[in-house]
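Novice: Could you have a look at this structure, given as structure tokens, before my questions?
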Amino acid sequence: QVHLVESGGGLVQAGGSLTLSCAASGSTYTIVELAWHRQAPGKQRELVASITSGGITVYADSVKGRFTISRENTKNTMYLRMNDLKPEDTGVYYCNALNSFPNPDSWGQGTQVTVSS
């Protein structure tokens with residue numbers, strides 16, 4: 001089983017930057033893809049960005065050009081660098097691991113990001 005722990009959230013003014021980290025432990029060899037999701041108050045959880053084991057990245061249109069996802073395999077850690085933050089980026093950010101069959105997906109506990117206008 002994979003255990004994920006996020007860190008790096010906080011309160012920032014619009015236009016500011018934050019870097020989130022996600023540390024994976026346990027059966028990390030089963031991880032196929034890592035991703036960041038977020039959930040704003042009253043809204044559904046949405047994909048922000050994902051990265052495969054080979055480094056292929058996908059971004060939500062709303063964050064393209066502002067957010068950068070990366071991973072450091074030797075440290076089993078994933079990052080999300082968020083620049084030019086907007087109030088609409090506010091939400092709880094969750095780390096997610098897509099694991100190889102038949103292992104279930106893994107989720108972190110989430111870290112709060114609040115962007116003030």
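By order of appearance in the structure tokens: chains A, B, ..., then residues from 1 within every chain, and ligands from 1 in the order shown.
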List the neighbours of A:Glu46 out to 10 Å using only C-alpha atoms; skip same-chain residues closer than 4 positions along the sequence, and give me the result as a list of chain:residue names.
Specialist: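 Within the cut-off, the hits are A:Trp36, A:His37, A:Arg38, A:Gln39, A:Ala40, A:Ala60, A:Tyr93, A:Tyr94.
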Novice: Need to verify the contact set: A:Pro102, 10 Å, only C-alpha atoms, exclusion of same-chain residues closer than 3 positions in sequence. Can you return it as a list of chain:residue names?
Specialist: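 Listed by chain and then number, they are A:Thr30, A:Asn99, A:Asp105.
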Novice: So which residues of chain A fall under helix (DSSP H, G or I) by DSSP, listed as a ChimeraX atom specification?
Specialist: /A:28-30,73-75,87-89
Novice: Can you spit out the residues from that selection as a tab-separated table (two decimals), in the first residue's frame, using N, CA and C atoms?
Specialist:
```tsv
chain	number	residue	atom	x	y	z
A	28	THR	N	5.91	1.93	-3.04
A	28	THR	CA	5.99	2.95	-4.08
A	28	THR	C	6.29	2.37	-5.46
A	29	TYR	N	6.76	1.14	-5.51
A	29	TYR	CA	7.06	0.51	-6.80
A	29	TYR	C	5.80	0.27	-7.61
A	30	THR	N	4.63	0.34	-6.97
A	30	THR	CA	3.38	0.12	-7.70
A	30	THR	C	2.85	1.40	-8.37
A	73	ASN	N	12.09	10.91	-8.33
A	73	ASN	CA	11.86	9.50	-8.07
A	73	ASN	C	12.77	8.94	-6.97
A	74	THR	N	13.98	9.46	-6.88
A	74	THR	CA	14.92	8.94	-5.87
A	74	THR	C	14.44	9.27	-4.46
A	75	LYS	N	13.62	10.31	-4.35
A	75	LYS	CA	13.10	10.71	-3.05
A	75	LYS	C	11.63	10.35	-2.89
A	87	PRO	N	-7.37	33.92	-6.69
A	87	PRO	CA	-8.33	33.50	-5.66
A	87	PRO	C	-9.07	32.23	-6.02
A	88	GLU	N	-9.29	32.01	-7.31
A	88	GLU	CA	-10.00	30.79	-7.73
A	88	GLU	C	-9.14	29.53	-7.61
A	89	ASP	N	-7.88	29.68	-7.26
A	89	ASP	CA	-7.03	28.53	-6.99
A	89	ASP	C	-7.21	28.02	-5.55
```
Novice: Tell me, as a PyMOL selection string, which residues lie within 12 Å of A:Ser62, counting only C-alpha atoms; anything in the same chain fewer than 6 positions away does not count.
Specialist: chain A and resi 46-49+82+84-86+88-89
Novice: Please produce a file of those selected residues containing C-alpha atoms, as a short mmCIF file (atom, residue, chain, number, x, y, z; two decimals), in the first residue's frame.
Specialist:
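This is the output file selection_14.cif:
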```
data_model
loop_
_atom_site.label_atom_id
_atom_site.label_comp_id
_atom_site.auth_asym_id
_atom_site.auth_seq_id
_atom_site.Cartn_x
_atom_site.Cartn_y
_atom_site.Cartn_z
CA GLU A 46 -10.89 18.33 -10.06
CA LEU A 47 -7.62 17.28 -11.62
CA VAL A 48 -4.98 20.00 -11.55
CA ALA A 49 -1.98 18.19 -13.02
CA MET A 82 2.24 27.31 -8.32
CA ASP A 84 0.70 33.78 -10.24
CA LEU A 85 -1.89 32.36 -7.88
CA LYS A 86 -5.48 33.54 -8.18
CA GLU A 88 -10.00 30.79 -7.73
CA ASP A 89 -7.03 28.53 -6.99
#
```
Novice: Just how far from atom CA of A:Pro104 is atom CA of A:Ala24, in Å to one decimal?
Specialist: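 Taking atom CA of A:Ala24 and atom CA of A:Pro104, their separation equals 14.7 Å.
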